[in-house]
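See below for protein-v9.cif, which holds mmCIF, C-alpha atoms and all ligand atoms; chains and numbers go by the auth columns.
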```
data_protein
#
loop_
_atom_site.group_PDB
_atom_site.id
_atom_site.type_symbol
_atom_site.label_atom_id
_atom_site.label_comp_id
_atom_site.label_asym_id
_atom_site.label_seq_id
_atom_site.Cartn_x
_atom_site.Cartn_y
_atom_site.Cartn_z
_atom_site.B_iso_or_equiv
_atom_site.auth_seq_id
_atom_site.auth_asym_id
ATOM 1 C CA VAL A 1 11.233 -0.070 -7.608 0.00 279 C
ATOM 2 C CA HIS A 2 11.522 3.690 -7.346 0.00 280 C
ATOM 3 C CA GLU A 3 9.798 4.679 -4.171 0.00 281 C
ATOM 4 C CA LEU A 4 10.011 8.418 -4.916 0.00 282 C
ATOM 5 C CA SER A 5 8.015 8.084 -8.125 0.00 283 C
ATOM 6 C CA LEU A 6 5.575 5.761 -6.365 0.00 284 C
ATOM 7 C CA VAL A 7 4.926 8.407 -3.733 0.00 285 C
ATOM 8 C CA GLU A 8 4.569 11.114 -6.411 0.00 286 C
ATOM 9 C CA THR A 9 1.914 9.001 -8.077 0.00 287 C
ATOM 10 C CA LEU A 10 0.290 8.345 -4.729 0.00 288 C
ATOM 11 C CA ILE A 11 0.055 12.050 -3.895 0.00 289 C
ATOM 12 C CA GLU A 12 -1.487 12.727 -7.329 0.00 290 C
ATOM 13 C CA GLN A 13 -3.989 9.969 -6.703 0.00 291 C
ATOM 14 C CA VAL A 14 -4.900 11.429 -3.306 0.00 292 C
ATOM 15 C CA ALA A 15 -5.325 14.893 -4.860 0.00 293 C
ATOM 16 C CA GLU A 16 -7.607 13.446 -7.516 0.00 294 C
ATOM 17 C CA GLU A 17 -9.738 11.597 -4.978 0.00 295 C
ATOM 18 C CA VAL A 18 -10.042 14.621 -2.710 0.00 296 C
ATOM 19 C CA ASN A 19 -10.968 16.890 -5.631 0.00 297 C
ATOM 20 C CA ARG A 20 -13.478 14.415 -6.981 0.00 298 C
ATOM 21 C CA ALA A 21 -15.154 14.342 -3.565 0.00 299 C
ATOM 22 C CA GLY A 22 -15.304 18.142 -3.644 0.00 300 C
ATOM 23 C CA GLN A 23 -13.401 18.325 -0.385 0.00 301 C
ATOM 24 C CA HIS A 24 -11.034 21.029 0.714 0.00 302 C
ATOM 25 C CA ALA A 25 -10.109 19.735 4.144 0.00 303 C
ATOM 26 C CA ARG A 26 -6.606 18.792 5.110 0.00 304 C
ATOM 27 C CA VAL A 27 -5.579 15.153 4.699 0.00 305 C
ATOM 28 C CA ILE A 28 -4.619 13.819 8.120 0.00 306 C
ATOM 29 C CA ARG A 29 -4.120 10.160 7.399 0.00 307 C
ATOM 30 C CA LEU A 30 -3.482 7.772 4.537 0.00 308 C
ATOM 31 C CA ASP A 31 -3.842 4.021 4.743 0.00 309 C
ATOM 32 C CA LEU A 32 -1.751 2.013 2.342 0.00 310 C
ATOM 33 C CA ALA A 33 -1.454 -1.661 1.724 0.00 311 C
ATOM 34 C CA VAL A 34 1.969 -2.677 0.482 0.00 312 C
ATOM 35 C CA GLY A 35 1.992 -6.324 -0.452 0.00 313 C
ATOM 36 C CA ARG A 36 4.955 -8.297 0.833 0.00 314 C
ATOM 37 C CA LEU A 37 5.737 -9.488 -2.680 0.00 315 C
ATOM 38 C CA SER A 38 5.281 -6.053 -4.240 0.00 316 C
ATOM 39 C CA GLY A 39 9.008 -5.329 -4.166 0.00 317 C
ATOM 40 C CA VAL A 40 8.330 -2.002 -2.463 0.00 318 C
ATOM 41 C CA HIS A 41 10.630 -1.191 0.421 0.00 319 C
ATOM 42 C CA VAL A 42 8.425 0.244 3.154 0.00 320 C
ATOM 43 C CA GLU A 43 11.156 2.258 4.878 0.00 321 C
ATOM 44 C CA SER A 44 12.128 3.849 1.553 0.00 322 C
ATOM 45 C CA LEU A 45 8.476 4.574 0.921 0.00 323 C
ATOM 46 C CA ARG A 46 8.184 6.355 4.282 0.00 324 C
ATOM 47 C CA PHE A 47 11.345 8.294 3.553 0.00 325 C
ATOM 48 C CA ALA A 48 10.063 9.327 0.120 0.00 326 C
ATOM 49 C CA PHE A 49 6.816 10.437 1.750 0.00 327 C
ATOM 50 C CA GLN A 50 8.709 12.638 4.208 0.00 328 C
ATOM 51 C CA VAL A 51 10.624 14.164 1.321 0.00 329 C
ATOM 52 C CA LEU A 52 7.616 14.820 -0.930 0.00 330 C
ATOM 53 C CA ALA A 53 4.765 15.570 1.496 0.00 331 C
ATOM 54 C CA PRO A 54 5.829 19.079 2.627 0.00 332 C
ATOM 55 C CA GLY A 55 3.938 21.691 0.638 0.00 333 C
ATOM 56 C CA SER A 56 1.585 19.104 -0.860 0.00 334 C
ATOM 57 C CA LEU A 57 -1.941 18.343 0.289 0.00 335 C
ATOM 58 C CA VAL A 58 -0.680 15.430 2.379 0.00 336 C
ATOM 59 C CA ASP A 59 1.705 17.643 4.344 0.00 337 C
ATOM 60 C CA GLY A 60 1.584 16.476 7.968 0.00 338 C
ATOM 61 C CA ALA A 61 -0.581 13.457 7.215 0.00 339 C
ATOM 62 C CA GLU A 62 0.089 10.241 9.053 0.00 340 C
ATOM 63 C CA LEU A 63 1.112 7.388 6.783 0.00 341 C
ATOM 64 C CA SER A 64 -0.237 4.067 7.923 0.00 342 C
ATOM 65 C CA ILE A 65 1.130 1.061 6.068 0.00 343 C
ATOM 66 C CA ARG A 66 -0.256 -2.434 6.199 0.00 344 C
ATOM 67 C CA GLU A 67 1.807 -5.239 4.700 0.00 345 C
ATOM 68 C CA PRO A 68 -0.557 -7.981 3.618 0.00 346 C
ATOM 69 C CA PRO A 69 1.128 -11.336 3.024 0.00 347 C
ATOM 70 C CA ALA A 70 0.776 -13.243 -0.224 0.00 348 C
ATOM 71 C CA GLN A 71 -1.088 -16.517 -0.058 0.00 349 C
ATOM 72 C CA GLY A 72 0.160 -19.594 -1.799 0.00 350 C
ATOM 73 C CA HIS A 73 -2.325 -22.281 -2.827 0.00 351 C
ATOM 74 C CA CYS A 74 -0.912 -25.646 -3.769 0.00 352 C
ATOM 75 C CA ARG A 75 -2.574 -27.065 -6.878 0.00 353 C
ATOM 76 C CA ASP A 76 -1.409 -30.556 -5.992 0.00 354 C
ATOM 77 C CA CYS A 77 -2.393 -31.057 -2.357 0.00 355 C
ATOM 78 C CA GLY A 78 -4.638 -28.042 -1.744 0.00 356 C
ATOM 79 C CA ALA A 79 -2.618 -26.565 1.105 0.00 357 C
ATOM 80 C CA SER A 80 -2.751 -22.795 1.740 0.00 358 C
ATOM 81 C CA PHE A 81 0.176 -21.000 3.270 0.00 359 C
ATOM 82 C CA GLU A 82 1.939 -17.655 3.339 0.00 360 C
ATOM 83 C CA ALA A 83 4.110 -17.306 0.251 0.00 361 C
ATOM 84 C CA ILE A 84 7.331 -15.430 0.889 0.00 362 C
ATOM 85 C CA ALA A 85 8.445 -15.470 -2.739 0.00 363 C
ATOM 86 C CA TYR A 86 6.881 -15.808 -6.183 0.00 364 C
ATOM 87 C CA LEU A 87 8.531 -19.169 -6.653 0.00 365 C
ATOM 88 C CA ALA A 88 7.300 -20.662 -3.412 0.00 366 C
ATOM 89 C CA ALA A 89 7.224 -24.385 -2.858 0.00 367 C
ATOM 90 C CA CYS A 90 4.295 -25.932 -1.023 0.00 368 C
ATOM 91 C CA VAL A 91 5.049 -26.187 2.697 0.00 369 C
ATOM 92 C CA ARG A 92 3.142 -29.468 2.943 0.00 370 C
ATOM 93 C CA CYS A 93 4.127 -31.533 -0.114 0.00 371 C
ATOM 94 C CA GLY A 94 7.015 -29.536 -1.587 0.00 372 C
ATOM 95 C CA SER A 95 5.310 -29.118 -4.959 0.00 373 C
ATOM 96 C CA GLY A 96 6.245 -26.079 -7.021 0.00 374 C
ATOM 97 C CA ASN A 97 2.792 -26.083 -8.594 0.00 375 C
ATOM 98 C CA VAL A 98 1.638 -23.166 -6.473 0.00 376 C
ATOM 99 C CA ARG A 99 -0.722 -20.317 -7.283 0.00 377 C
ATOM 100 C CA ILE A 100 0.103 -16.989 -5.604 0.00 378 C
ATOM 101 C CA GLU A 101 -2.727 -14.716 -4.536 0.00 379 C
ATOM 102 C CA GLY A 102 -2.573 -11.182 -3.152 0.00 380 C
ATOM 103 C CA GLY A 103 0.333 -9.426 -1.518 0.00 381 C
ATOM 104 C CA GLN A 104 1.643 -8.088 -4.816 0.00 382 C
ATOM 105 C CA ASP A 105 0.239 -4.595 -5.072 0.00 383 C
ATOM 106 C CA LEU A 106 0.554 -1.181 -3.578 0.00 384 C
ATOM 107 C CA LEU A 107 -2.947 0.074 -2.839 0.00 385 C
ATOM 108 C CA LEU A 108 -4.283 3.298 -1.445 0.00 386 C
ATOM 109 C CA GLU A 109 -6.958 1.963 0.903 0.00 387 C
ATOM 110 C CA SER A 110 -8.331 5.046 2.558 0.00 388 C
ATOM 111 C CA ILE A 111 -7.892 8.763 2.962 0.00 389 C
ATOM 112 C CA GLU A 112 -8.907 10.483 6.169 0.00 390 C
ATOM 113 C CA LEU A 113 -9.679 14.184 6.089 0.00 391 C
ATOM 114 C CA GLU A 114 -9.684 16.609 8.945 0.00 392 C
ATOM 115 C CA GLU A 115 -13.191 17.240 10.227 0.00 393 C
ATOM 116 C CA GLU A 116 -14.303 20.691 9.220 0.00 394 C
ATOM 117 C CA ASP A 117 -15.266 22.989 12.059 0.00 395 C
ATOM 118 C CA GLU A 118 -18.952 23.624 12.342 0.00 396 C
HETATM 119 ZN ZN ZN B . 1.145 -29.193 -1.700 0.00 401 C
#
```
Show me, as structure tokens, the structure contained in the file I just sent.
Amino acid sequence: VHELSLVETLIEQVAEEVNRAGQHARVIRLDLAVGRLSGVHVESLRFAFQVLAPGSLVDGAELSIREPPAQGHCRDCGASFEAIAYLAACVRCGSGNVRIEGGQDLLLESIELEEEDE
């Protein structure tokens, strides 16, 4: 995974959202969800953000990153557990017949803009 290109895409996405909302305020905070199975390295992502943010509309914005776990659901015994890999075995019965849910994407969850002075 190339974190620099991810952050470039992210900044474009933020710009699009802000423009669509007809806003001109400064972005002060971004909330991201980076799934634990997404393959994205959070420290690299933060570093890429520091490199790319200056001069862009997210310059100075705080980057808040949540790392939602992936859930495994065993098709054999019905157990639910945190999956730490795509090929997770059920923690209860050891079955490999496990469905993985969530924790696989990088999502922009919210954008916070500076309040405009009245
Ligand atoms: Zn099981």
Item checked: region 348-355 of chain C environment, 9 Å, all atoms listed in the file, sequence neighbours closer than 4 positions dropped, as number ranges by chain -> C: 313-315, 359-364, 366-371, 373-382
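By only C-alpha atoms, and with residues fewer than 3 positions from Gly338 (chain C) along its chain excluded, the set lying at most 9 Å from it is Arg304, Val305, Ile306, Arg307, Gln328, Ala331, Pro332 and Leu335 of chain C.
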Could you write out that same residue set with C-alpha atoms as a JSON list (two decimals), keeping the file's coordinate frame?
```json
[["chain", "number", "residue", "atom", "x", "y", "z"],
["C", 304, "ARG", "CA", -6.61, 18.79, 5.11],
["C", 305, "VAL", "CA", -5.58, 15.15, 4.70],
["C", 306, "ILE", "CA", -4.62, 13.82, 8.12],
["C", 307, "ARG", "CA", -4.12, 10.16, 7.40],
["C", 328, "GLN", "CA", 8.71, 12.64, 4.21],
["C", 331, "ALA", "CA", 4.76, 15.57, 1.50],
["C", 332, "PRO", "CA", 5.83, 19.08, 2.63],
["C", 335, "LEU", "CA", -1.94, 18.34, 0.29]]
```
Next item on the list: Starting from the shown file, work through the PyMOL selection byres (((chain C and resi 280) around 10) and not hetatm) and note down what comes out as a VMD selection string.
Entry: chain C and resid 279 281 to 285 317 to 319 322 to 323 326
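In this comparison, which uses all atoms listed in the file, the residue of C:Ala357, C:Ile289, C:Ala299, C:Ile389 approaching ligand ZN 401 (chain C) most closely is C:Ala357.
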Checklist line | Residue with smallest distance to Ala311 (chain C) - pool C:Ser342, C:Gln291, C:Asn297, C:Ser358, counting all atoms listed in the file | finding: C:Ser342
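Pairwise distance (CA of Gly300 (chain C), CA of Gly333 (chain C)) equals 20.0 Å.
With distances taken from (-2.5, 5.0, 2.9) and restricted to all atoms listed in the file, the residues inside 9 Å are Leu288, Arg307, Leu308, Asp309, Leu310, Ala311, Glu340, Leu341, Ser342, Ile343, Arg344, Leu385, Leu386, Glu387, Ser388 and Ile389 of chain C.
Interatomic distance, CA of Leu365 (chain C) to CA of Thr287 (chain C): 29.0 Å.
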Let me have the centre and edge lengths in Å, one decimal, of the box along x, y and z around every listed atom of region 328-341 of chain C with 8 Å of margin on each side, as lines of an AutoDock Vina configuration file.
```
center_x = 4.3
center_y = 14.5
center_z = 4.1
size_x = 28.6
size_y = 30.3
size_z = 26.0
```
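Across the model, the gap from CA of Pro346 (chain C) to CA of Arg324 (chain C) is 16.8 Å.
Of the listed residues (C:Gly356, C:Val296, C:Glu393, C:Val312), C:Gly356 comes nearest to ligand ZN 401 (chain C); the distances count all atoms listed in the file.
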Note to self: Counting all atoms listed in the file, which residue out of C:Glu286, C:Asp383, C:Glu294, C:Glu392 sits closest to Phe327 (chain C)?
What the structure shows: C:Glu286
Item checked: C:Glu390, C:Glu290, C:Ala339, C:Gly372 ranked by distance to ligand ZN 401 (chain C), top pick (using only C-alpha atoms and all ligand atoms) -> C:Gly372
